[in-house]
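Beneath this line is the structure, given in structure tokens, with notes to follow.
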Amino acid sequence: MLISELLAPSGVLCALEGGSKKRILEIASEHIAELHPELDAETIFTGLINRERLGSTGIGDGIAIPHSRLDECEQATALLIQLKEPIDFDSVDSKPVDLLFVLLVPSEACDQHLQTLGNLAELFSQPEFRNRLRSASSCESLYTAVTEFKQG
């Protein structure tokens with residue numbers, strides 16, 4: 001699944017003040033619930049926190065891909081967050097995180113979920129892609145950077 005299929009222009013937060021992993025996941029949950037009224041912010045937050053308890057979704061190089069499967073979710077949806085200041089995320093490389101791609105998928109979408117996560121991890125492993133996202137200075141330029149990146 002392409003990022004442009006997962007992410008709407010309203011699903012991008014640029015230069016967000018974070019503070020902590022928990023606070024960022026709360027903000028992300030609230031924002032997604034505003035965009036998708038059929039989803040409850042508390043349910044989203046609980047799903048994301050429960051997944052983090054299994055092991056950090058911080059994949060290294062300042063990237064985290066918090067994700068959850070939710071019964072209430074009818075189609076895959078995402079939120080891209082660029083933080084103003086990196087935060088500790090218990091990442092595999094112990095580096096703080098400044099880019100998060102939050103992914104929610106329907107409970108029954110197991111194969112699609114895993115494939116999408118793999119594609120995202122591959123994309124975010126590219127330094128050129130990460131640099132484009134980090135250099136974006138507005139929500140519009142961040143959305144353009146993430147959706148128009150051409151993989152080599």
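Chains: A, B, ... in order of the structure tokens. Residues: from 1 per chain. Ligands: from 1, in order shown.
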- [ ] Taking the chain letters and numbering used in this document, name the residues of chain A that DSSP puts in strand (DSSP E), as a PyMOL selection string.
- [x] chain A and resi 12-16+58-60+63-64+67-70+77-87+97-106
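Closest approach to Leu83 of chain A from the set A:Leu39, A:Leu99, A:Lys21, A:Leu142 is made by A:Leu99, with distances taken over only C-alpha atoms.
Distance-wise, atom CA of Thr57 of chain A and atom CA of Ser91 of chain A end up 7.0 Å apart.
Within 10 Å of Ala41 of chain A, once only C-alpha atoms are used and residues closer than 3 positions along the same chain are dropped, the contacting residues are Glu26, Ile27, Ala28, Ser29, Glu30, His31, Ile32, Ala33, Glu34, His36, Pro37, Glu38, Ile44, Phe45, Thr46 and Gly47 of chain A.
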Open item on the list: Among chain A, which residues does DSSP mark as helix (DSSP H, G or I) when it is run on the backbone? Keep the chain and numbering as in the structure and answer as number ranges by chain.
Closed with: A: 3-6, 9-11, 21-35, 41-54, 110-124, 127-135, 139-147
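Counting only C-alpha atoms, the residue from A:Ser56, A:Ser94, A:Leu80, A:Gly62 that sits nearest to Ala145 of chain A is A:Leu80.
Proximity to Leu48 of chain A was assessed for A:Asp61, A:Val105, A:Lys84, A:Ala8 counting only C-alpha atoms; the smallest distance is recorded for A:Val105.
For the set A:Gln82, A:Ser135, A:Ser68, A:Gln126, the residue with the smallest atom-to-atom gap to Cys14 of chain A is A:Gln82, counting only C-alpha atoms.
If you measure from each of A:Pro66, A:Gly18, A:Gly60, A:Pro96 to Ala78 of chain A using only C-alpha atoms, the closest one turns out to be A:Pro66.
Each of A:Ser137, A:Thr43, A:Thr77, A:Ser107 was checked against Ser10 of chain A using only C-alpha atoms; the smallest atom-to-atom distance is that of A:Thr77.
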